[in-house]
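Since the structure comes first, as structure tokens, the remarks are kept for the end.
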Amino acid sequence: MESEKATLLAILFVCIVSVHSNGLQTYIIQLHPQGITSSLFASKLHWHLSFLEKTISSEETPSSRLLYSYHSAMEGFAAQLLESEADTIRKLHDVIAIRPDRRHEVHTTYSYKFLGLSPAKEGAWMDSNYGRGAIIGVLDTGVWPESPSFSDHGMPPVPKKWKGICQLGEMFNSSNCNRKLIGARYFSKGHRVASLTSSPDIVVEYISVRDSHGHGTHTASTAAGAAVPMANVLGNGAGEARGMAPGAHIAVYKVCWFSGCYSSDILAAMDVAIRDGVDVLSLSLGGFPIPLYEDSIAIGSFRAMEHGISVICAAGNNGPVPNSVANEAPWIATVGASTLDRRFPAVVRLGNGKILYGESMYPGKNSASAEKELELVYHADNLHGGEYCMKDSLPRAKVRGKMVVCDRGINGRAEKGQIVKEAGGAAMILANKEINQEEDSVDAHVLPATLIGYTESVQLKKYINSTNKPRAQLIFGGTTIGKSRAPAVAQFSSRGPSFMDPSILKPDMIAPGVNIIAAWPQNLGPAGIPDDSRRVNFTVMSGTSMACPHVGGIAALIRSAHPKWTPAAIKSALMTTAYITDHSGKQIMDGDKPAELFAIGAGHVNPAKAISPGLIYDISPDDYITHLCTLKYTKSDIFIITQRNVSCQDITNKNRDFSLNYPSISVVFKPGMKSKMIKKRLTNVGSPNSTYSLEVKPPNGIKVRIRPQRLTFKHKNQSLSYRIWFISRNRTASERLSYSQGHLSWVNSQDIHQRIRSPISISWSSKAR
């Protein structure tokens with residue numbers, strides 16, 4: 001998903017309910033898992049069909065309306081219904097919820113080195129045996145199985161626990177699977193009934209697991225792609241490509257199609273993946289914040305977590321808007337995006353001699369034709385979108401043979417280049433708008449082109465307006481590494497605080513998500529647009545979609561090293577070992593200011609440390625239910641999310657001082673609140689007879705007391721608790737803060753480099769919520 005989708009309008013656009021001309025639309029119907037009427041039927045499928053028999057006309061067969069029957073991710077089914085039929089079915093016995101289908105959007109050669117993963121020395125790869133034995137399920141646009149990233153050379157046999165299949169389909173059969181790509185399924189029923197038109201832009205949509213868009217191939221290879229020497233994009237970014245867990249197996253579940261990814265298809269994939277036996281689920285897709293009891297991904301991932309599966313999701317690309325973070329359930333690992341220190345310089349030399357920094361993956365280095373000085377044109381035609389280089393907005397007579405300036409936004413970055421080329425333009429400068437700031441997602445453009453930041457865009461337009469004959473030259477610099485500060489927060493990465501649950505800090509962490517090079521299908525050019533006839537095995541993409549599989553792969557490494565750890569233990573290891581300084585030793589930046597917790601969560605993922613964290617914060621499924629009770633979720637809401645029939649009154653009476661044992665700390669002071677006590681529990685997964693001492697950086701406006709201040713673990717797997725009291729000093733109006741942050745760390749007395757760090761986020765709410 002392009003980072004231009006950074007406004008709340010785009011957030012709202014993500015959710016649609018598909019309504020046919022005949023009035024039918026898709027609904028997901030959730031049933032009581034121990035429904036008393038289920039015993040009357042020979043199978044769960046017959047039980048599900050019985051609800052349709054009671055609802056639809058006798059002239060129709062119930063199976064013609066049924067799309068999916070769910071058993072593992074939840075009990076229930078997806079079906080096409082009229083609104084009146086949905087109202088009827090809602091009243092039937094054993095129906096606990098009914099919700100319309102939702103549409104979601106899909107949210108390398110170097111990033112593994114940037115993260116400190118190396119085959120040549122001790123570390124996370126060696127300690128986890130490269131993730132061997134772990135199975136990563138990727139829910140996305142499918143896979144291009146012939147890519148060298150999915151070679152099974154040197155891979156171990158398929159794990160005995162694996163129950164998945166390699167589903168036949170268009171240009172895909174069982175021979176496309178191997179010991180690397182061990183499973184492949186596609187789910188298209190929700191998409192098919194919602195999409196009344198054929199695929200746009202003459203993209204061939206394969207009715208199979210085969211990927212026609214590239215996104216899924218890219219994310220799957222980022223998570224667990226095999227080693228591929230000499231990988232590059234048109235000569236840029238050359239090196240050996242490897243996924244984060246190159247020894248892990250991959251199972252692909254195609255749920256995203258040309259019109260998006262539908263909840264009914266996503267839930268069907270999660271339902272099957274749980275039974276197939278995956279260890280990690282990576283979902284580089286999402287929408288916008290919605291209540292957990294309406295969120296199919298949150299509901300399906302709760303059941304996956306109960307089965308010991310780590311669920312990793314993209315935070316979304318709607319930053320820097322506050323409260324835009326998606327996939328915010330506490331049992332999901334929510335991943336924002338960061339930058340690498342790899343750059344692809346392509347500067348603009350203006351006619352007045354001034355140099356503007358830009359970046360591009362166009363292979364123009366040392367090319368006389370690509371670096372030719374040209375006349376500049378900026379066609380600011382608000383009526384037809386000329387400033388954005390929209391289709392048919394550029395007069396050929398005005399742009400032919402010239403370098404065209406195109407503003408970011410509305411249509412795709414690479415698409416703008418194709419439109420300029422079709423209009424006769426010779427080159428392009430993509431100019432960031434104010435919302436993009438200096439964000440630098442590059443593309444393998446179809447013509448000589450570069451992307452410049454907002455500061456440079458202002459200077460460029462000032463120059464164009466200062467002369468009758470503005471001219472410019474592009475100078476391509478290839479690839480540079482280590483010459484820029486990194487990591488930094490990606491401008492587009494969605495931000496907290498969590499809209500639905502501010503007591504949980506989201507996103508959980510950040511990982512590389514800008515200009516990531518990974519595998520690409522052979523039906524598309526590297527620009528990802530239909531008119532690009534070039535063919536490559538790798539291309540560059542940006543988004544939290546790219547950050548998510550980095551963490552998915554690292555989670556597989558941890559799972560391989562510690563097969564008995566819970567998903568919460570794995571997430572704790574990822575979060576408490578994350579770092580908050582860049583490679584120069586200074587604080588990670590977010591644009592021109594130090595990054596806040598709502599941008600980075602616990603910090604930047606650090607696989608070398610995460611594989612051996614020393615201590616972990618573990619959480620059981622029952623703990624999550626207690627947490628939902630403390631949030632005042634109703635009994636019905638909790639049943640929809642967890643399929644557990646609980647009494648919150650009994651639970652809260654037994655857990656009066658309960659606080660979720662989350663690795664990060666978030667406290668919201670409501671009006672009249674002066675103090676808050678939180679209890680935490682650490683489990684020793686390191687050496688026996690180890691002692692940890694406390695280090696605290698209290699947030700401004702807060703007094704912090706912690707007891708005890710030393711924890712001594714005599715045994716491995718021993719758990720010890722501590723309590724934290726937060727006392728607000730935010731007294732007078734002149735001193736009043738709305739937000740403050742700090743952190744606490746438990747430091748191993750025998751090894752000061754082993755730190756279990758928790759960020760502390762404090763908010764003062766003006767409303768009693």
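A note on labels: chains of the structure tokens are A, B, ... as shown, every chain counts residues from 1, and ligands are counted from 1 in their shown order.
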
Quick one: residues within 9 Å of segment 620-622 of chain A, only C-alpha atoms, excluding same-chain residues fewer than 3 positions away - as number ranges by chain?
A: 302, 305-306, 331, 566, 568, 625-627, 642

Residue set, segment 158-295 of chain A restricted to strand (DSSP E), as number ranges by chain:
A: 181-186, 228-233, 236-241, 249-254, 256-257, 260-262, 280-283, 285-286

Counting only C-alpha atoms, which of A:Asn537, A:Ser263, A:Gln418, A:Asn655 gets nearest to Arg103 of chain A?
A:Ser263

I'd like the neighbourhood of Lys91 of chain A as number ranges by chain, where a residue qualifies if any of its atoms comes within 12 Å (using only C-alpha atoms), though same-chain residues fewer than 3 positions away should be ignored.
A: 29, 31, 51, 54-55, 84-88, 94-98

Could the residues in this selection be saved with N, CA and C atoms as a PDB file, in the first residue's frame?
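For reference, result26.pdb as written:
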ATOM      1  N   ILE A  29     -21.289 -14.784   9.928  1.00  0.00           N
ATOM      2  CA  ILE A  29     -22.208 -15.134  11.007  1.00  0.00           C
ATOM      3  C   ILE A  29     -21.439 -15.978  12.028  1.00  0.00           C
ATOM      4  N   LEU A  31     -21.306 -18.227  15.464  1.00  0.00           N
ATOM      5  CA  LEU A  31     -22.190 -19.087  16.232  1.00  0.00           C
ATOM      6  C   LEU A  31     -21.551 -19.476  17.557  1.00  0.00           C
ATOM      7  N   PHE A  51     -29.060 -22.782   9.241  1.00  0.00           N
ATOM      8  CA  PHE A  51     -29.424 -21.383   9.497  1.00  0.00           C
ATOM      9  C   PHE A  51     -29.893 -20.710   8.213  1.00  0.00           C
ATOM     10  N   LYS A  54     -33.478 -21.857   7.263  1.00  0.00           N
ATOM     11  CA  LYS A  54     -34.532 -21.170   8.017  1.00  0.00           C
ATOM     12  C   LYS A  54     -34.734 -19.726   7.553  1.00  0.00           C
ATOM     13  N   THR A  55     -33.837 -19.231   6.714  1.00  0.00           N
ATOM     14  CA  THR A  55     -33.813 -17.796   6.421  1.00  0.00           C
ATOM     15  C   THR A  55     -34.171 -17.456   4.990  1.00  0.00           C
ATOM     16  N   SER A  84     -32.714  -7.967   4.988  1.00  0.00           N
ATOM     17  CA  SER A  84     -33.833  -8.507   5.772  1.00  0.00           C
ATOM     18  C   SER A  84     -33.514  -9.921   6.272  1.00  0.00           C
ATOM     19  N   GLU A  85     -32.808 -10.690   5.446  1.00  0.00           N
ATOM     20  CA  GLU A  85     -32.417 -12.042   5.857  1.00  0.00           C
ATOM     21  C   GLU A  85     -31.388 -11.990   6.982  1.00  0.00           C
ATOM     22  N   ALA A  86     -30.486 -11.012   6.908  1.00  0.00           N
ATOM     23  CA  ALA A  86     -29.498 -10.842   7.976  1.00  0.00           C
ATOM     24  C   ALA A  86     -30.196 -10.514   9.291  1.00  0.00           C
ATOM     25  N   ASP A  87     -31.232  -9.682   9.225  1.00  0.00           N
ATOM     26  CA  ASP A  87     -31.999  -9.344  10.434  1.00  0.00           C
ATOM     27  C   ASP A  87     -32.673 -10.596  11.008  1.00  0.00           C
ATOM     28  N   THR A  88     -33.161 -11.463  10.134  1.00  0.00           N
ATOM     29  CA  THR A  88     -33.813 -12.697  10.581  1.00  0.00           C
ATOM     30  C   THR A  88     -32.821 -13.647  11.234  1.00  0.00           C
ATOM     31  N   ASP A  94     -28.431 -19.550  19.009  1.00  0.00           N
ATOM     32  CA  ASP A  94     -27.008 -19.904  18.836  1.00  0.00           C
ATOM     33  C   ASP A  94     -26.243 -18.924  17.946  1.00  0.00           C
ATOM     34  N   VAL A  95     -26.916 -17.890  17.395  1.00  0.00           N
ATOM     35  CA  VAL A  95     -26.197 -16.835  16.655  1.00  0.00           C
ATOM     36  C   VAL A  95     -25.750 -15.787  17.669  1.00  0.00           C
ATOM     37  N   ILE A  96     -24.417 -15.583  17.745  1.00  0.00           N
ATOM     38  CA  ILE A  96     -23.935 -14.602  18.737  1.00  0.00           C
ATOM     39  C   ILE A  96     -23.506 -13.284  18.101  1.00  0.00           C
ATOM     40  N   ALA A  97     -23.246 -13.293  16.803  1.00  0.00           N
ATOM     41  CA  ALA A  97     -22.877 -12.035  16.136  1.00  0.00           C
ATOM     42  C   ALA A  97     -23.021 -12.207  14.638  1.00  0.00           C
ATOM     43  N   ILE A  98     -23.335 -11.107  13.974  1.00  0.00           N
ATOM     44  CA  ILE A  98     -23.354 -11.081  12.518  1.00  0.00           C
ATOM     45  C   ILE A  98     -22.784  -9.741  12.083  1.00  0.00           C
TER      46      ILE A  98
END

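By only C-alpha atoms, and with residues fewer than 4 positions from segment 472-480 of chain A along its chain excluded, the set lying at most 8 Å from it is A:Asn236, A:Gly237, A:Arg342, A:Arg343, A:Phe344, A:Pro345, A:Ala346, A:Val347, A:Val348, A:Arg349, A:Leu350, A:Gly351, A:Ser360, A:Met361, A:Pro363, A:Gly364, A:Lys365, A:Asn366, A:Ala370, A:Glu371, A:Lys372, A:Glu373, A:Leu374, A:Glu375, A:Leu376, A:Met403, A:Pro448, A:Ala449, A:Thr450.
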
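Minimum atom-to-atom distance to Tyr253 of chain A, evaluated using only C-alpha atoms, belongs to A:Ser282 out of A:Ser493, A:Ser282, A:Ser324, A:Ser542.
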
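DSSP, applied to the backbone of this structure, assigns alpha helix (DSSP H) to the following residues of segment 470-551 of chain A: A:Thr544, A:Ser545, A:Met546, A:Ala547, A:Cys548, A:Pro549, A:His550, A:Val551.
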
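Contact shell of Gln754 of chain A at 10 Å (only C-alpha atoms; same-chain neighbours under 6 positions omitted): A:Thr577, A:Lys609, A:Ser612, A:Pro613, A:Gly614, A:Leu615, A:Tyr692, A:Ser745, A:Trp746, A:Val747, A:Asn748.
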